[in-house]
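Trainee: If it helps, the file is called entry-v1.cif and holds mmCIF, C-alpha atoms:
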```cif
data_entry
loop_
_atom_site.label_atom_id
_atom_site.label_comp_id
_atom_site.auth_asym_id
_atom_site.auth_seq_id
_atom_site.Cartn_x
_atom_site.Cartn_y
_atom_site.Cartn_z
CA MET A 3 0.00 0.00 0.00
CA GLU A 4 2.88 2.35 0.69
CA LEU A 5 4.04 1.91 -2.91
CA ILE A 6 0.59 2.70 -4.33
CA ALA A 7 -0.40 5.50 -1.92
CA PRO A 8 1.56 8.30 -3.72
CA TYR A 9 -0.40 7.66 -6.91
CA PHE A 10 -3.67 8.62 -5.17
CA LYS A 11 -2.38 12.06 -4.28
CA LEU A 12 -1.44 15.11 -6.29
CA SER A 13 2.27 15.32 -6.90
CA PRO A 14 4.45 17.44 -9.16
CA ASP A 15 6.59 14.39 -9.78
CA PRO A 16 6.29 13.62 -13.54
CA ALA A 17 6.56 9.89 -12.90
CA ILE A 18 3.48 10.01 -10.65
CA TRP A 19 1.18 12.27 -12.67
CA THR A 20 2.12 10.51 -15.91
CA VAL A 21 0.96 7.23 -14.41
CA GLN A 22 -2.21 8.95 -13.19
CA LEU A 23 -2.93 10.24 -16.70
CA LEU A 24 -2.41 6.74 -18.11
CA LEU A 25 -4.80 5.34 -15.50
CA ILE A 26 -7.43 7.91 -16.49
CA GLY A 27 -7.05 6.86 -20.14
CA VAL A 28 -7.27 3.13 -19.30
CA ILE A 29 -10.33 3.68 -17.13
CA THR A 30 -11.99 5.68 -19.92
CA ILE A 31 -11.31 2.95 -22.49
CA CYS A 32 -12.57 0.22 -20.12
CA CYS A 33 -15.74 2.19 -19.38
CA ASN A 34 -16.35 2.56 -23.11
CA PHE A 35 -15.85 -1.17 -23.66
CA VAL A 36 -18.23 -2.10 -20.83
CA LEU A 37 -20.78 0.44 -22.04
CA LEU A 38 -20.73 -0.98 -25.57
CA ARG A 39 -21.17 -4.51 -24.27
CA LEU A 40 -24.13 -3.44 -22.15
CA LEU A 41 -25.77 -1.64 -25.06
CA ASP A 42 -25.26 -4.68 -27.31
CA PHE A 43 -26.75 -6.94 -24.64
CA PHE A 44 -29.87 -4.82 -24.24
CA GLY A 45 -30.12 -4.44 -28.02
CA ARG A 46 -30.15 -8.23 -28.53
CA LYS A 47 -32.68 -8.60 -25.75
CA GLU A 48 -34.90 -6.01 -27.40
CA LYS A 49 -34.77 -7.81 -30.76
CA LYS A 50 -35.85 -11.11 -29.18
CA ARG A 51 -39.08 -9.62 -27.91
CA HIS A 52 -42.18 -10.62 -29.85
CA ALA A 53 -43.46 -7.03 -29.81
CA PRO A 54 -40.39 -4.77 -29.64
CA GLY A 55 -41.11 -1.40 -28.08
CA VAL A 56 -40.73 1.67 -30.22
CA TRP A 57 -39.42 3.78 -27.36
CA ASP A 58 -36.88 1.24 -26.09
CA GLY A 59 -35.29 0.61 -29.47
CA ALA A 60 -35.11 4.32 -30.29
CA LEU A 61 -33.55 5.07 -26.89
CA LEU A 62 -30.86 2.41 -27.20
CA LYS A 63 -29.86 3.43 -30.71
CA ALA A 64 -29.87 7.12 -29.86
CA ALA A 65 -27.78 6.71 -26.69
CA ARG A 66 -24.98 4.64 -28.21
CA LEU A 67 -22.85 7.42 -29.72
CA PRO A 68 -23.65 10.20 -27.18
CA LEU A 69 -22.74 7.96 -24.21
CA ARG A 70 -19.40 7.07 -25.78
CA LEU A 71 -18.66 10.72 -26.41
CA LEU A 72 -19.70 11.53 -22.86
CA MET A 73 -17.20 8.99 -21.54
CA TRP A 74 -14.38 10.56 -23.53
CA VAL A 75 -15.34 14.07 -22.48
CA GLY A 76 -15.34 12.93 -18.85
CA GLY A 77 -11.91 11.34 -19.25
CA LEU A 78 -10.43 14.42 -20.93
CA SER A 79 -11.95 16.68 -18.27
CA ALA A 80 -10.40 14.55 -15.51
CA ALA A 81 -7.00 14.67 -17.20
CA VAL A 82 -7.16 18.46 -17.67
CA SER A 83 -8.29 18.96 -14.07
CA LEU A 84 -5.39 16.81 -12.85
CA LEU A 85 -2.85 18.84 -14.81
CA HIS A 86 -4.42 22.12 -13.63
CA ALA A 87 -4.25 20.99 -10.00
CA ILE A 88 -0.57 20.18 -10.36
CA GLU A 89 0.29 23.38 -12.16
CA PRO A 90 -2.31 26.09 -12.99
CA LEU A 91 -3.02 26.34 -16.72
CA TRP A 92 -4.08 29.60 -18.36
CA LEU A 93 -6.20 27.62 -20.82
CA HIS A 94 -8.23 26.03 -18.02
CA ASN A 95 -11.10 28.54 -18.22
CA PHE A 96 -11.37 28.10 -21.99
CA LEU A 97 -11.30 24.33 -21.51
CA LEU A 98 -14.19 24.60 -19.05
CA GLN A 99 -16.24 26.52 -21.61
CA ALA A 100 -15.32 23.98 -24.25
CA ARG A 101 -16.49 21.20 -21.94
CA ARG A 102 -19.87 22.95 -21.41
CA VAL A 103 -20.27 23.37 -25.17
CA MET A 104 -19.42 19.71 -25.77
CA LEU A 105 -21.90 18.56 -23.13
CA ILE A 106 -24.63 20.70 -24.71
CA GLY A 107 -23.72 19.31 -28.14
CA ILE A 108 -23.86 15.74 -26.84
CA ALA A 109 -27.28 16.38 -25.32
CA ALA A 110 -28.54 17.89 -28.60
CA LEU A 111 -27.09 14.95 -30.53
CA PHE A 112 -28.88 12.49 -28.26
CA ILE A 113 -32.23 14.29 -28.59
CA THR A 114 -32.06 14.61 -32.39
CA ARG A 115 -31.00 10.97 -32.80
CA PHE A 116 -33.78 9.87 -30.48
CA ILE A 117 -36.37 11.84 -32.47
CA ALA A 118 -35.08 10.43 -35.78
CA ASN A 119 -35.19 6.85 -34.45
CA MET A 120 -38.69 7.44 -33.11
CA GLU A 121 -39.79 8.52 -36.59
CA LYS A 122 -38.45 5.32 -38.12
CA GLY A 123 -39.96 3.18 -35.36
CA LEU A 124 -43.39 4.77 -35.64
CA LEU A 125 -43.41 4.38 -39.43
CA ARG A 126 -42.45 0.71 -39.14
CA ALA A 127 -45.10 0.05 -36.51
CA GLY A 128 -47.75 2.05 -38.37
CA SER A 129 -49.00 -0.99 -40.28
CA SER A 130 -49.90 -2.92 -37.11
CA HIS A 131 -50.85 -0.09 -34.74
CA ARG A 132 -53.16 2.89 -34.96
CA LEU A 133 -50.46 5.51 -35.25
CA PRO A 134 -50.30 8.88 -37.05
CA ASP A 135 -49.68 8.89 -40.78
CA ALA A 136 -46.23 9.40 -42.28
CA THR A 137 -46.80 13.08 -43.02
CA THR A 138 -47.68 13.87 -39.39
CA VAL A 139 -44.71 11.86 -38.11
CA TYR A 140 -42.31 13.71 -40.42
CA ALA A 141 -43.77 17.09 -39.54
CA VAL A 142 -43.67 16.58 -35.76
CA GLY A 143 -40.18 15.07 -35.94
CA ARG A 144 -38.77 17.97 -37.92
CA LEU A 145 -40.43 20.51 -35.65
CA LEU A 146 -39.03 18.83 -32.52
CA ARG A 147 -35.54 18.63 -34.02
CA LEU A 148 -35.72 22.28 -34.97
CA CYS A 149 -36.74 23.23 -31.42
CA ALA A 150 -33.97 21.08 -29.93
CA LEU A 151 -31.33 22.70 -32.14
CA ALA A 152 -32.63 26.20 -31.35
CA ILE A 153 -32.51 25.53 -27.59
CA ALA A 154 -29.03 24.02 -27.93
CA ALA A 155 -27.83 27.10 -29.85
CA LEU A 156 -29.15 29.42 -27.11
CA ALA A 157 -27.55 27.25 -24.42
CA VAL A 158 -24.20 27.36 -26.26
CA ALA A 159 -24.45 31.14 -26.54
CA GLU A 160 -25.10 31.43 -22.82
CA ALA A 161 -22.20 29.08 -22.04
CA LEU A 162 -19.91 31.31 -24.08
CA GLY A 163 -20.97 34.35 -22.06
CA MET A 164 -23.32 35.97 -24.57
CA SER A 165 -26.52 37.75 -23.55
CA ILE A 166 -29.59 35.78 -24.59
CA SER A 167 -31.88 38.81 -24.31
CA GLY A 168 -29.61 40.73 -26.67
CA LEU A 169 -29.58 37.83 -29.09
CA LEU A 170 -33.38 37.62 -29.02
CA ALA A 171 -33.70 41.36 -29.65
CA PHE A 172 -31.21 41.16 -32.50
CA GLY A 173 -33.05 38.16 -33.84
CA GLY A 174 -36.31 40.14 -33.91
CA ILE A 175 -34.77 42.97 -35.94
CA GLY A 176 -32.80 40.59 -38.12
CA GLY A 177 -35.89 38.47 -38.61
CA MET A 178 -37.70 41.40 -40.23
CA ALA A 179 -34.81 41.99 -42.62
CA ILE A 180 -34.56 38.30 -43.42
CA GLY A 181 -38.32 38.16 -43.93
CA PHE A 182 -38.22 40.87 -46.60
CA ALA A 183 -35.16 39.36 -48.28
CA ALA A 184 -36.39 35.77 -48.25
CA LYS A 185 -40.15 36.16 -48.61
CA ASP A 186 -40.34 33.35 -51.17
CA MET A 187 -38.55 30.96 -48.85
CA LEU A 188 -40.82 31.96 -45.96
CA SER A 189 -43.93 31.55 -48.12
CA ASN A 190 -42.77 28.04 -49.02
CA PHE A 191 -42.11 27.32 -45.34
CA PHE A 192 -45.58 28.44 -44.26
CA GLY A 193 -47.07 26.66 -47.26
CA GLY A 194 -45.49 23.43 -46.05
CA LEU A 195 -46.78 24.15 -42.54
CA MET A 196 -50.31 24.56 -43.89
CA ILE A 197 -49.99 21.26 -45.75
CA TYR A 198 -49.00 19.55 -42.49
CA LEU A 199 -51.87 21.16 -40.59
CA ASP A 200 -54.69 21.00 -43.16
CA LYS A 201 -53.57 17.70 -44.71
CA PRO A 202 -55.08 18.09 -48.20
CA PHE A 203 -52.75 15.21 -49.11
CA THR A 204 -50.18 13.02 -47.40
CA VAL A 205 -47.18 10.98 -48.47
CA GLY A 206 -48.30 8.22 -50.83
CA ASP A 207 -51.41 10.03 -52.13
CA TRP A 208 -52.13 10.46 -55.82
CA ILE A 209 -52.88 14.13 -56.46
CA ARG A 210 -53.48 16.32 -59.48
CA SER A 211 -54.34 19.95 -60.13
CA PRO A 212 -56.76 21.20 -62.78
CA ASP A 213 -54.99 24.59 -62.65
CA ARG A 214 -51.45 23.36 -63.27
CA ASN A 215 -49.86 20.42 -65.03
CA ILE A 216 -49.31 18.60 -61.74
CA GLU A 217 -50.20 14.93 -61.34
CA GLY A 218 -48.49 12.04 -59.60
CA VAL A 219 -47.82 10.33 -56.28
CA VAL A 220 -46.51 12.37 -53.35
CA GLU A 221 -43.14 11.03 -52.20
CA GLU A 222 -42.01 13.69 -49.74
CA ILE A 223 -43.39 16.88 -48.20
CA GLY A 224 -40.49 19.12 -47.25
CA TRP A 225 -40.40 22.51 -45.61
CA ARG A 226 -39.61 24.22 -48.92
CA MET A 227 -40.95 21.95 -51.66
CA THR A 228 -42.92 18.78 -52.24
CA ARG A 229 -41.54 15.94 -54.37
CA ILE A 230 -44.09 14.21 -56.62
CA ARG A 231 -43.39 11.16 -58.77
CA THR A 232 -45.29 11.49 -62.04
CA PHE A 233 -46.77 8.52 -63.87
CA GLU A 234 -43.83 8.74 -66.27
CA MET A 235 -41.66 7.97 -63.19
CA ARG A 236 -40.10 11.43 -63.28
CA PRO A 237 -39.61 13.45 -60.07
CA LEU A 238 -41.55 16.71 -59.96
CA TYR A 239 -40.50 19.31 -57.39
CA VAL A 240 -43.27 21.79 -56.52
CA PRO A 241 -42.71 24.77 -54.16
CA ASN A 242 -45.12 24.58 -51.23
CA SER A 243 -46.39 28.11 -51.81
CA ILE A 244 -47.96 26.93 -55.09
CA PHE A 245 -50.47 24.76 -53.21
CA SER A 246 -51.95 27.80 -51.45
CA SER A 247 -53.06 29.33 -54.77
CA ILE A 248 -54.23 26.33 -56.83
CA ALA A 249 -56.97 23.73 -56.55
CA VAL A 250 -55.69 20.26 -55.67
CA GLU A 251 -57.65 17.10 -56.37
CA ASN A 252 -56.88 14.02 -54.29
CA PRO A 253 -58.22 10.94 -56.11
CA SER A 254 -56.65 8.69 -53.46
CA ARG A 255 -59.45 9.63 -51.07
CA MET A 256 -62.26 8.60 -53.40
CA MET A 257 -64.95 6.42 -51.87
CA ASN A 258 -65.95 4.97 -55.25
CA ARG A 259 -65.06 5.25 -58.93
CA ARG A 260 -67.68 6.25 -61.48
CA ILE A 261 -68.73 4.46 -64.66
CA TYR A 262 -70.41 6.94 -66.99
CA GLU A 263 -71.07 5.73 -70.53
CA THR A 264 -73.48 6.60 -73.33
CA LEU A 265 -74.52 3.58 -75.40
CA SER A 266 -76.77 3.35 -78.48
CA ILE A 267 -79.09 1.03 -80.36
CA ARG A 268 -80.60 1.26 -83.86
CA TYR A 269 -83.79 3.16 -84.67
CA SER A 270 -85.27 -0.12 -85.85
CA ASP A 271 -84.89 -1.47 -82.28
CA ALA A 272 -86.78 1.42 -80.64
CA ASP A 273 -89.47 -0.91 -79.26
CA LYS A 274 -86.81 -2.78 -77.26
CA MET A 275 -85.25 0.25 -75.55
CA ALA A 276 -87.34 0.10 -72.36
CA ALA A 277 -86.68 -3.63 -71.83
CA ILE A 278 -82.95 -3.21 -72.44
CA CYS A 279 -82.73 -0.34 -69.92
CA ASP A 280 -84.63 -2.35 -67.30
CA ASP A 281 -82.40 -5.40 -67.73
CA VAL A 282 -79.19 -3.33 -67.60
CA ARG A 283 -80.41 -1.58 -64.44
CA GLY A 284 -81.24 -4.90 -62.82
CA MET A 285 -77.83 -6.30 -63.75
CA LEU A 286 -76.06 -3.32 -62.13
CA GLU A 287 -78.14 -3.58 -58.96
CA LYS A 288 -77.17 -7.24 -58.56
CA HIS A 289 -73.52 -6.85 -59.59
CA PRO A 290 -71.23 -7.58 -56.59
CA ASP A 291 -68.67 -4.96 -57.59
CA ILE A 292 -71.15 -2.11 -58.14
CA ALA A 293 -72.02 0.10 -55.15
CA ASN A 294 -75.77 -0.35 -54.77
CA GLU A 295 -75.98 2.39 -52.14
CA GLN A 296 -74.78 4.95 -54.69
CA THR A 297 -76.72 6.37 -57.63
CA ILE A 298 -77.53 3.96 -60.48
CA ILE A 299 -79.04 5.49 -63.62
CA VAL A 300 -79.96 3.62 -66.81
CA HIS A 301 -82.41 5.60 -68.94
CA PHE A 302 -83.14 6.45 -72.56
CA MET A 303 -81.45 9.79 -73.10
CA THR A 304 -81.73 11.21 -76.62
CA CYS A 305 -82.43 10.60 -80.29
CA ASN A 306 -79.16 10.98 -82.14
CA ALA A 307 -78.56 11.35 -85.87
CA SER A 308 -78.33 7.62 -86.52
CA SER A 309 -79.01 6.02 -83.14
CA LEU A 310 -81.08 5.99 -79.96
CA ASP A 311 -78.84 6.72 -76.96
CA PHE A 312 -79.24 5.55 -73.36
CA MET A 313 -77.08 6.46 -70.37
CA VAL A 314 -75.34 4.06 -67.96
CA TYR A 315 -74.28 5.75 -64.69
CA CYS A 316 -73.04 3.86 -61.62
CA TYR A 317 -70.15 3.55 -59.14
CA THR A 318 -67.75 0.71 -58.46
CA ARG A 319 -66.83 -0.41 -54.95
CA THR A 320 -63.12 -0.41 -55.70
CA THR A 321 -61.12 2.79 -56.09
CA GLU A 322 -57.97 1.15 -57.44
CA TRP A 323 -57.17 1.90 -61.05
CA VAL A 324 -56.59 -1.59 -62.45
CA PRO A 325 -59.45 -3.41 -60.63
CA TYR A 326 -61.78 -0.57 -61.64
CA HIS A 327 -61.13 -1.21 -65.33
CA ALA A 328 -61.67 -4.93 -64.81
CA VAL A 329 -65.09 -4.21 -63.27
CA LYS A 330 -65.94 -1.76 -66.06
CA GLN A 331 -65.02 -4.34 -68.69
CA ASP A 332 -67.27 -6.92 -67.05
CA VAL A 333 -70.16 -4.45 -66.93
CA MET A 334 -69.75 -3.47 -70.58
CA LEU A 335 -69.60 -7.09 -71.73
CA LYS A 336 -72.77 -7.89 -69.81
CA ILE A 337 -74.53 -4.92 -71.39
CA MET A 338 -73.52 -6.21 -74.83
CA ASP A 339 -75.00 -9.62 -73.95
CA ILE A 340 -78.26 -7.99 -72.84
CA VAL A 341 -78.56 -6.03 -76.08
CA ALA A 342 -77.86 -9.14 -78.15
CA ARG A 343 -80.34 -11.19 -76.09
CA HIS A 344 -83.11 -8.76 -77.00
CA GLY A 345 -82.29 -9.06 -80.69
CA ALA A 346 -81.05 -5.49 -80.92
CA GLU A 347 -77.78 -4.21 -82.31
CA PHE A 348 -75.39 -1.36 -81.69
CA PRO A 349 -75.49 1.02 -84.65
CA PHE A 350 -72.74 2.57 -86.65
CA PRO A 351 -72.97 5.97 -88.35
CA THR A 352 -75.10 5.62 -91.50
CA ARG A 353 -76.62 7.98 -94.07
CA THR A 354 -79.44 7.17 -96.48
CA LEU A 355 -79.58 8.99 -99.85
CA TYR A 356 -82.95 9.07 -101.61
CA MET A 357 -82.76 9.64 -105.41
CA ALA A 358 -85.79 11.09 -107.22
CA GLY A 359 -86.74 9.31 -110.49
CA GLY A 360 -86.23 11.04 -113.89
CA GLU A 361 -84.26 10.97 -117.09
CA GLY A 362 -81.68 13.52 -116.00
CA ASP A 363 -81.39 11.86 -112.59
CA ALA A 364 -80.87 8.48 -114.19
CA ALA A 365 -78.05 9.92 -116.27
CA ALA A 366 -76.49 11.54 -113.19
CA GLN A 367 -76.77 8.26 -111.29
CA ALA A 368 -75.10 6.40 -114.13
CA ALA A 369 -72.33 8.99 -114.12
CA MET A 370 -71.80 8.54 -110.36
CA GLN A 371 -71.53 4.79 -110.75
CA ALA A 372 -69.10 4.98 -113.67
CA GLU A 373 -65.72 3.42 -113.15
CA SER A 374 -63.75 6.08 -115.05
CA PRO A 375 -64.20 9.70 -116.19
CA ARG A 376 -64.55 8.50 -119.80
CA GLN A 377 -67.43 6.19 -118.82
CA ALA A 378 -69.00 9.06 -116.89
CA MET A 379 -68.86 11.29 -119.93
CA SER A 380 -70.34 8.51 -122.14
CA ALA A 381 -73.15 7.92 -119.70
CA ALA A 382 -73.95 11.63 -119.52
CA ALA A 383 -74.04 11.89 -123.38
CA ALA A 384 -76.30 8.83 -123.84
CA PRO A 385 -79.86 9.56 -125.13
CA PRO A 386 -82.77 9.21 -122.81
CA ALA A 387 -84.41 5.85 -122.52
CA GLY A 388 -87.07 5.15 -125.17
CA SER A 389 -85.83 7.69 -127.72
CA ALA A 390 -84.33 6.66 -131.05
CA ALA A 391 -80.69 7.14 -131.60
CA PRO A 392 -79.84 9.76 -134.24
CA SER A 393 -79.09 8.26 -137.66
CA ARG A 394 -75.64 8.63 -139.05
CA PRO A 395 -75.46 9.66 -142.72
CA ALA A 396 -73.93 7.26 -145.17
CA PRO A 397 -70.49 8.09 -146.45
CA GLY A 398 -70.61 10.37 -149.45
CA ALA A 399 -74.25 11.27 -148.99
CA GLY A 400 -74.97 14.91 -149.51
CA ALA A 401 -77.92 17.17 -149.42
CA GLN A 402 -80.60 16.40 -151.98
#
```
Take the structure in this file and express it as structure tokens.

Mentor:
Amino acid sequence: MELIAPYFKLSPDPAIWTVQLLLIGVITICCNFVLLRLLDFFGRKEKKRHAPGVWDGALLKAARLPLRLLMWVGGLSAAVSLLHAIEPLWLHNFLLQARRVMLIGIAALFITRFIANMEKGLLRAGSSHRLPDATTVYAVGRLLRLCALAIAALAVAEALGMSISGLLAFGGIGGMAIGFAAKDMLSNFFGGLMIYLDKPFTVGDWIRSPDRNIEGVVEEIGWRMTRIRTFEMRPLYVPNSIFSSIAVENPSRMMNRRIYETLSIRYSDADKMAAICDDVRGMLEKHPDIANEQTIIVHFMTCNASSLDFMVYCYTRTTEWVPYHAVKQDVMLKIMDIVARHGAEFPFPTRTLYMAGGEGDAAAQAAMQAESPRQAMSAAAAPPAGSAAPSRPAPGAGAQ
């Protein structure tokens, strides 16, 4: 014990304080090693759980790096304090401020990592739990991180001896200048905030605007712009301020999809129109993929130029694009079967030309049916039916 006792006391002897510094370094490394093993142990235990907790996993992942940094800051602080106790250092006060700044930075790092891991955990658990949608999770996470960084910046300023009240007053005046200089950026920021609050669409929704050439699936809603993937698989970046001045349609929130078609039958099948409409209406009411609680209309609508038109109006239960077209195809094929079963036919555009009888008309008709211009001219020059052809004088015959 007498040999070890000097190493537990402060001594200007370089042999003693050098050993003490080495011991501080060894203890710091050992604490880091033990800490990592403990975190790995709890991490494996968390993964083995049938229902891993969102909070526990986020806390373990967030604390791994900050705790290691905290260990090293503690070790360095102990070493600096030991050297200052042996011989006063003029840098000691600056080192104390640096230690406060590092501790604040470590705390901010832990909080931001914890919030980011909570975002990921909530999004993964969203499919099996009733949790907020992805847009709300992103918005709250970004807002919390922004608040944490702002508080950390104020704490660092106070640790460095600055006046917080002066900084806040300067920030108010500077905020006005920045607001005038960056009004577009601020309008995009508040536009994104309104999207988060009003939720006209969320990540994953299919949106389109009748005012602008905007259509696609929302991939990300940022503070400045929204990224949309068009149906040509191209990314479209839209500033958030645009959405405050245009109409946005969100087809993803449809309850049903509409089938609205105008079909026709021939004029010669006019007596079958009522029966066809009744059978089509009955088919739609019994169809398993047609929403019976919504409006179903099948009625004779108008007399067209070459057809009698009736309207088919109904809604499908599915809102998905591909299944909707499968249901619509089935409905249209069944309507065709109903029309055929009644002995009716779908018309095609026709025009009837009535020709009045007469000699000149017969010549004109023959000219129209001629196969060549020469035949048309011959037909037009032919004598009328029933008249004698003019006689041709014999060669050499003259006037008598």

Trainee: Given only C-alpha atoms as the basis, pick out the residue of A:Thr204, A:Gln296, A:Ser266, A:Asn258 nearest to A:Val341.

Mentor: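 So, comparing all the options, the nearest one is A:Ser266.
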
Trainee: The PyMOL selection byres ((chain A and resi 278) around 10) - which residues does that actually catch in the file I just gave you? List them as a ChimeraX atom specification.

Mentor: /A:267,273-277,279-284,300-302,312,337,340-344,346

Trainee: Exactly which residues make up the result of the PyMOL selection byres ((chain A and resi 112) around 9) on this file, given as a PDB file with C-alpha atoms, in the coordinates of the input?

Mentor:
```
ATOM      1  CA  LEU A  61     -33.550   5.070 -26.890  1.00  0.00           C
ATOM      2  CA  ALA A  64     -29.870   7.120 -29.860  1.00  0.00           C
ATOM      3  CA  ALA A  65     -27.780   6.710 -26.690  1.00  0.00           C
ATOM      4  CA  ARG A  66     -24.980   4.640 -28.210  1.00  0.00           C
ATOM      5  CA  LEU A  67     -22.850   7.420 -29.720  1.00  0.00           C
ATOM      6  CA  PRO A  68     -23.650  10.200 -27.180  1.00  0.00           C
ATOM      7  CA  LEU A  69     -22.740   7.960 -24.210  1.00  0.00           C
ATOM      8  CA  GLY A 107     -23.720  19.310 -28.140  1.00  0.00           C
ATOM      9  CA  ILE A 108     -23.860  15.740 -26.840  1.00  0.00           C
ATOM     10  CA  ALA A 109     -27.280  16.380 -25.320  1.00  0.00           C
ATOM     11  CA  ALA A 110     -28.540  17.890 -28.600  1.00  0.00           C
ATOM     12  CA  LEU A 111     -27.090  14.950 -30.530  1.00  0.00           C
ATOM     13  CA  ILE A 113     -32.230  14.290 -28.590  1.00  0.00           C
ATOM     14  CA  THR A 114     -32.060  14.610 -32.390  1.00  0.00           C
ATOM     15  CA  ARG A 115     -31.000  10.970 -32.800  1.00  0.00           C
ATOM     16  CA  PHE A 116     -33.780   9.870 -30.480  1.00  0.00           C
ATOM     17  CA  ILE A 117     -36.370  11.840 -32.470  1.00  0.00           C
TER      18      ILE A 117
END
```

Trainee: How many Å separate atom CA of A:Pro241 from atom CA of A:Arg226?

Mentor: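 Calculated distance between atom CA of A:Pro241 and atom CA of A:Arg226 is 6.1 Å.
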
Trainee: Nearest to A:Val205 among A:Tyr140, A:Tyr239, A:Ile244, A:Thr232, with distances taken over all atoms listed in the file: which residue is it?

Mentor: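 Nearest candidate to A:Val205 out of A:Tyr140, A:Tyr239, A:Ile244, A:Thr232: A:Tyr140.
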
Trainee: Hey, which of A:Thr354, A:Thr264, A:Thr318, A:Ser83 ends up closest to A:Gln22? Count all atoms listed in the file.

Mentor: A:Ser83

Trainee: Identify, on the basis of all atoms listed in the file, every residue whose closest approach to A:Ala152 does not exceed 12 Å; exclude the query and any residue fewer than 5 positions from it along the same chain; express the result as an mmCIF file with C-alpha atoms, keeping the file's coordinate frame.

Mentor:
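That gives us part11.cif:
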```
data_model
loop_
_atom_site.group_PDB
_atom_site.id
_atom_site.type_symbol
_atom_site.label_atom_id
_atom_site.label_comp_id
_atom_site.auth_asym_id
_atom_site.auth_seq_id
_atom_site.Cartn_x
_atom_site.Cartn_y
_atom_site.Cartn_z
ATOM 1 C CA ILE A 106 -24.630 20.700 -24.710
ATOM 2 C CA GLY A 107 -23.720 19.310 -28.140
ATOM 3 C CA ALA A 110 -28.540 17.890 -28.600
ATOM 4 C CA THR A 114 -32.060 14.610 -32.390
ATOM 5 C CA LEU A 145 -40.430 20.510 -35.650
ATOM 6 C CA LEU A 146 -39.030 18.830 -32.520
ATOM 7 C CA ARG A 147 -35.540 18.630 -34.020
ATOM 8 C CA ALA A 157 -27.550 27.250 -24.420
ATOM 9 C CA VAL A 158 -24.200 27.360 -26.260
ATOM 10 C CA ALA A 159 -24.450 31.140 -26.540
ATOM 11 C CA LEU A 170 -33.380 37.620 -29.020
#
```

Trainee: At a cut-off of 12 Å, using only C-alpha atoms, what residues contact A:Cys32? Leave out same-chain residues fewer than 4 positions from it and give the result as a list in words.

Mentor: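 With the cut-off at 12 Å, the set is Leu25, Ile26, Gly27, Val28, Val36, Leu37, Leu38, Arg39, Arg70, Met73, Trp74 and Gly77 of chain A.
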
Trainee: How many Å separate atom CA of A:Asp200 from atom CA of A:Phe245?

Mentor: 11.5 Å

Trainee: Counting only C-alpha atoms, which residue out of A:Ile230, A:Ala87, A:Met285, A:Ala161 sits closest to A:Leu335?

Mentor: A:Met285

Trainee: I'd like the interatomic distance between atom CA of A:Gly123 and atom CA of A:Cys33, to a tenth of an Å.

Mentor: 29.0 Å
